[in-house]
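Visitor: Here it is: the structure, laid out below.
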Amino acid sequence: MTTFQTNRSFDTLPSSQLHLNHSHLPTFFPELHSPFSRHHQFSSVLQQAVQQSRSALLQFRQHTEFADRMTIAFGHHYDAAAADQFFDAFATRSSGLPHLEILSNDALSGAYGAYAQATDTVYLSQQLIAGGNIHAIAAVLIEELGHSLDARINPVDARGDEGEIFSRLVRQQFLSSELLNRLQAEDDSGYLQVGDRRVSIEQAQDFNQDNQTDLLWRNYSTGEVGAWLMNSTQVQGWTSMSTVSELTWCIEGTGDFNGDGKIDILWRNDRNGQIGTWLMNGAQVQGWVSISTVADLNWQIEGTGDFNGDGKIDILW
């Protein structure tokens, strides 16, 4: 995916974090931590989700369109040999897989999953696992494993949210060209504070933190802005954000512009060229920041991303 890291700051993990009881857990991962480990049902749910993820990944590898689908998620130049090693590790339960760690909801700031390349660790939310939805846990786990796989097979981050693209392909979910284009333009990166170490992560995020990608709308008659809250391809509800009645203001993109780990909304005025952003907290507008003015309207914003690798969002013209 295009790497623009959000400088998201998470709470430091408690030093008293416990190991899971390995008698109840799968052996696919080299290390598994959780402060919630002593609950057998918690371990059982996670074990079932890991088993389901493993089965889906191995079936995906045997698919006749495996190479084409890998290209959709990770681009044309991924290291096929390294990809084989990753899938071999799942097939043989051998080394070569990321660590898996369960964190509190506060530690992940509401995200259900994350991956940190620096520590080669997949993080899952305690809330997600406590909910007991095996399919939902497996979907998030496969997404974060997709980020882990990308780190192994590509020298630079693949374009867009490759983890969610990979998860949908592995789980044989419908992936329209419109949805694929949107996912390839997304960013889900950030930072996680683990003890005294701050690590870059990629994470699943959305407007209402249900681990589903939501759809942003603008009514160009009234100026109302809102979002469809989605469950895969099903609309679950509508949330209205605000109304910008001056219709010369147009939404140009989204991203975390103030480093708080929340999706913000980028605007440009098509009459005078002014540019600014709504600072968001979920679907709630918290404030407005003016960025600049480009009065020459021949210049149009084409997207956002971290183009110089400094972990900040840049704007493409």
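Residue numbers start at 1 in each chain; chains themselves are named A, B, ... in the order of the structure tokens; ligands are numbered from 1 in the order shown.
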Which residues are close to Asp120 (chain A), i.e. within 10 Å by only C-alpha atoms, leaving aside same-chain residues fewer than 2 positions away? Reply as a PDB file with all heavy atoms, in the first residue's frame.
Guide:
ATOM      1  N   LEU A  97       6.743 -17.430  10.707  1.00  0.00           N
ATOM      2  CA  LEU A  97       5.509 -16.668  10.839  1.00  0.00           C
ATOM      3  C   LEU A  97       5.688 -15.549  11.863  1.00  0.00           C
ATOM      4  O   LEU A  97       6.560 -15.611  12.722  1.00  0.00           O
ATOM      5  CB  LEU A  97       4.370 -17.587  11.270  1.00  0.00           C
ATOM      6  CG  LEU A  97       3.980 -18.668  10.261  1.00  0.00           C
ATOM      7  CD1 LEU A  97       2.916 -19.571  10.850  1.00  0.00           C
ATOM      8  CD2 LEU A  97       3.499 -18.038   8.967  1.00  0.00           C
ATOM      9  N   PRO A  98       4.839 -14.519  11.787  1.00  0.00           N
ATOM     10  CA  PRO A  98       4.966 -13.413  12.746  1.00  0.00           C
ATOM     11  C   PRO A  98       4.527 -13.842  14.141  1.00  0.00           C
ATOM     12  O   PRO A  98       3.858 -14.853  14.327  1.00  0.00           O
ATOM     13  CB  PRO A  98       4.014 -12.359  12.177  1.00  0.00           C
ATOM     14  CG  PRO A  98       2.986 -13.145  11.430  1.00  0.00           C
ATOM     15  CD  PRO A  98       3.736 -14.298  10.825  1.00  0.00           C
ATOM     16  N   HIS A  99       4.939 -13.047  15.139  1.00  0.00           N
ATOM     17  CA  HIS A  99       4.416 -13.203  16.486  1.00  0.00           C
ATOM     18  C   HIS A  99       2.962 -12.747  16.501  1.00  0.00           C
ATOM     19  O   HIS A  99       2.542 -11.960  15.652  1.00  0.00           O
ATOM     20  CB  HIS A  99       5.228 -12.375  17.476  1.00  0.00           C
ATOM     21  CG  HIS A  99       6.681 -12.722  17.490  1.00  0.00           C
ATOM     22  ND1 HIS A  99       7.180 -13.852  18.090  1.00  0.00           N
ATOM     23  CD2 HIS A  99       7.751 -12.091  16.953  1.00  0.00           C
ATOM     24  CE1 HIS A  99       8.475 -13.904  17.931  1.00  0.00           C
ATOM     25  NE2 HIS A  99       8.854 -12.850  17.239  1.00  0.00           N
ATOM     26  N   LEU A 100       2.219 -13.227  17.465  1.00  0.00           N
ATOM     27  CA  LEU A 100       0.823 -12.837  17.637  1.00  0.00           C
ATOM     28  C   LEU A 100       0.628 -12.369  19.065  1.00  0.00           C
ATOM     29  O   LEU A 100       1.017 -13.062  20.008  1.00  0.00           O
ATOM     30  CB  LEU A 100      -0.100 -14.019  17.336  1.00  0.00           C
ATOM     31  CG  LEU A 100      -1.603 -13.773  17.494  1.00  0.00           C
ATOM     32  CD1 LEU A 100      -2.065 -12.662  16.564  1.00  0.00           C
ATOM     33  CD2 LEU A 100      -2.376 -15.058  17.212  1.00  0.00           C
ATOM     34  N   TYR A 115      -0.462  -4.620  12.443  1.00  0.00           N
ATOM     35  CA  TYR A 115       0.780  -5.360  12.206  1.00  0.00           C
ATOM     36  C   TYR A 115       1.947  -4.395  12.284  1.00  0.00           C
ATOM     37  O   TYR A 115       1.911  -3.304  11.700  1.00  0.00           O
ATOM     38  CB  TYR A 115       0.784  -6.033  10.831  1.00  0.00           C
ATOM     39  CG  TYR A 115       2.152  -6.594  10.473  1.00  0.00           C
ATOM     40  CD1 TYR A 115       2.653  -7.696  11.152  1.00  0.00           C
ATOM     41  CD2 TYR A 115       2.949  -5.988   9.503  1.00  0.00           C
ATOM     42  CE1 TYR A 115       3.912  -8.202  10.871  1.00  0.00           C
ATOM     43  CE2 TYR A 115       4.213  -6.488   9.205  1.00  0.00           C
ATOM     44  CZ  TYR A 115       4.688  -7.594   9.887  1.00  0.00           C
ATOM     45  OH  TYR A 115       5.936  -8.078   9.617  1.00  0.00           O
ATOM     46  N   ALA A 116       3.001  -4.791  13.025  1.00  0.00           N
ATOM     47  CA  ALA A 116       4.216  -3.986  13.148  1.00  0.00           C
ATOM     48  C   ALA A 116       5.374  -4.741  12.516  1.00  0.00           C
ATOM     49  O   ALA A 116       5.759  -5.812  12.992  1.00  0.00           O
ATOM     50  CB  ALA A 116       4.514  -3.691  14.614  1.00  0.00           C
ATOM     51  N   GLN A 117       5.922  -4.175  11.451  1.00  0.00           N
ATOM     52  CA  GLN A 117       7.033  -4.834  10.774  1.00  0.00           C
ATOM     53  C   GLN A 117       8.284  -4.856  11.644  1.00  0.00           C
ATOM     54  O   GLN A 117       9.053  -5.825  11.622  1.00  0.00           O
ATOM     55  CB  GLN A 117       7.327  -4.135   9.440  1.00  0.00           C
ATOM     56  CG  GLN A 117       8.420  -4.806   8.627  1.00  0.00           C
ATOM     57  CD  GLN A 117       8.607  -4.164   7.268  1.00  0.00           C
ATOM     58  OE1 GLN A 117       7.851  -3.277   6.869  1.00  0.00           O
ATOM     59  NE2 GLN A 117       9.630  -4.593   6.541  1.00  0.00           N
ATOM     60  N   ALA A 118       8.492  -3.798  12.425  1.00  0.00           N
ATOM     61  CA  ALA A 118       9.714  -3.702  13.228  1.00  0.00           C
ATOM     62  C   ALA A 118       9.850  -4.858  14.210  1.00  0.00           C
ATOM     63  O   ALA A 118      10.949  -5.333  14.485  1.00  0.00           O
ATOM     64  CB  ALA A 118       9.755  -2.372  13.972  1.00  0.00           C
ATOM     65  N   VAL A 122       1.755  -9.454  14.777  1.00  0.00           N
ATOM     66  CA  VAL A 122       0.347  -9.179  14.524  1.00  0.00           C
ATOM     67  C   VAL A 122      -0.321  -8.935  15.873  1.00  0.00           C
ATOM     68  O   VAL A 122      -0.145  -9.724  16.811  1.00  0.00           O
ATOM     69  CB  VAL A 122      -0.330 -10.352  13.800  1.00  0.00           C
ATOM     70  CG1 VAL A 122      -1.849 -10.199  13.818  1.00  0.00           C
ATOM     71  CG2 VAL A 122       0.168 -10.450  12.361  1.00  0.00           C
ATOM     72  N   TYR A 123      -1.060  -7.835  15.981  1.00  0.00           N
ATOM     73  CA  TYR A 123      -1.788  -7.504  17.202  1.00  0.00           C
ATOM     74  C   TYR A 123      -3.288  -7.654  16.947  1.00  0.00           C
ATOM     75  O   TYR A 123      -3.797  -7.183  15.922  1.00  0.00           O
ATOM     76  CB  TYR A 123      -1.501  -6.067  17.646  1.00  0.00           C
ATOM     77  CG  TYR A 123      -0.045  -5.792  17.914  1.00  0.00           C
ATOM     78  CD1 TYR A 123       0.769  -5.236  16.930  1.00  0.00           C
ATOM     79  CD2 TYR A 123       0.520  -6.086  19.145  1.00  0.00           C
ATOM     80  CE1 TYR A 123       2.112  -4.988  17.168  1.00  0.00           C
ATOM     81  CE2 TYR A 123       1.860  -5.846  19.400  1.00  0.00           C
ATOM     82  CZ  TYR A 123       2.646  -5.290  18.405  1.00  0.00           C
ATOM     83  OH  TYR A 123       3.973  -5.033  18.642  1.00  0.00           O
ATOM     84  N   SER A 148       1.757  -8.617   6.990  1.00  0.00           N
ATOM     85  CA  SER A 148       2.989  -9.330   7.313  1.00  0.00           C
ATOM     86  C   SER A 148       3.597  -9.969   6.070  1.00  0.00           C
ATOM     87  O   SER A 148       4.819  -9.902   5.847  1.00  0.00           O
ATOM     88  CB  SER A 148       2.694 -10.412   8.360  1.00  0.00           C
ATOM     89  OG  SER A 148       3.773 -11.300   8.492  1.00  0.00           O
ATOM     90  N   ALA A 151       5.292  -7.392   3.879  1.00  0.00           N
ATOM     91  CA  ALA A 151       6.612  -6.997   4.385  1.00  0.00           C
ATOM     92  C   ALA A 151       7.689  -8.009   4.011  1.00  0.00           C
ATOM     93  O   ALA A 151       8.869  -7.657   3.916  1.00  0.00           O
ATOM     94  CB  ALA A 151       6.557  -6.840   5.905  1.00  0.00           C
ATOM     95  N   ARG A 152       7.293  -9.245   3.785  1.00  0.00           N
ATOM     96  CA  ARG A 152       8.239 -10.297   3.439  1.00  0.00           C
ATOM     97  C   ARG A 152       8.524 -10.380   1.942  1.00  0.00           C
ATOM     98  O   ARG A 152       9.588 -10.861   1.543  1.00  0.00           O
ATOM     99  CB  ARG A 152       7.700 -11.652   3.918  1.00  0.00           C
ATOM    100  CG  ARG A 152       7.766 -11.847   5.424  1.00  0.00           C
ATOM    101  CD  ARG A 152       6.852 -12.979   5.882  1.00  0.00           C
ATOM    102  NE  ARG A 152       7.201 -13.438   7.229  1.00  0.00           N
ATOM    103  CZ  ARG A 152       6.890 -12.790   8.330  1.00  0.00           C
ATOM    104  NH1 ARG A 152       6.227 -11.638   8.247  1.00  0.00           N
ATOM    105  NH2 ARG A 152       7.237 -13.277   9.516  1.00  0.00           N
ATOM    106  N   ILE A 201       2.965   0.605  12.508  1.00  0.00           N
ATOM    107  CA  ILE A 201       2.012  -0.469  12.280  1.00  0.00           C
ATOM    108  C   ILE A 201       1.141  -0.166  11.080  1.00  0.00           C
ATOM    109  O   ILE A 201       1.068   0.959  10.586  1.00  0.00           O
ATOM    110  CB  ILE A 201       1.085  -0.690  13.505  1.00  0.00           C
ATOM    111  CG1 ILE A 201       0.220   0.559  13.746  1.00  0.00           C
ATOM    112  CG2 ILE A 201       1.884  -1.039  14.743  1.00  0.00           C
ATOM    113  CD1 ILE A 201      -0.875   0.346  14.749  1.00  0.00           C
TER     114      ILE A 201
END
Visitor: Name the closest residue to Asp68 (chain A) among the candidates A:Leu128, A:Leu169, A:Ala283, A:Ile301; distances are taken between atoms, counting only C-alpha atoms.
Guide: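 That would be A:Leu169, the residue with the smallest distance to Asp68 (chain A).
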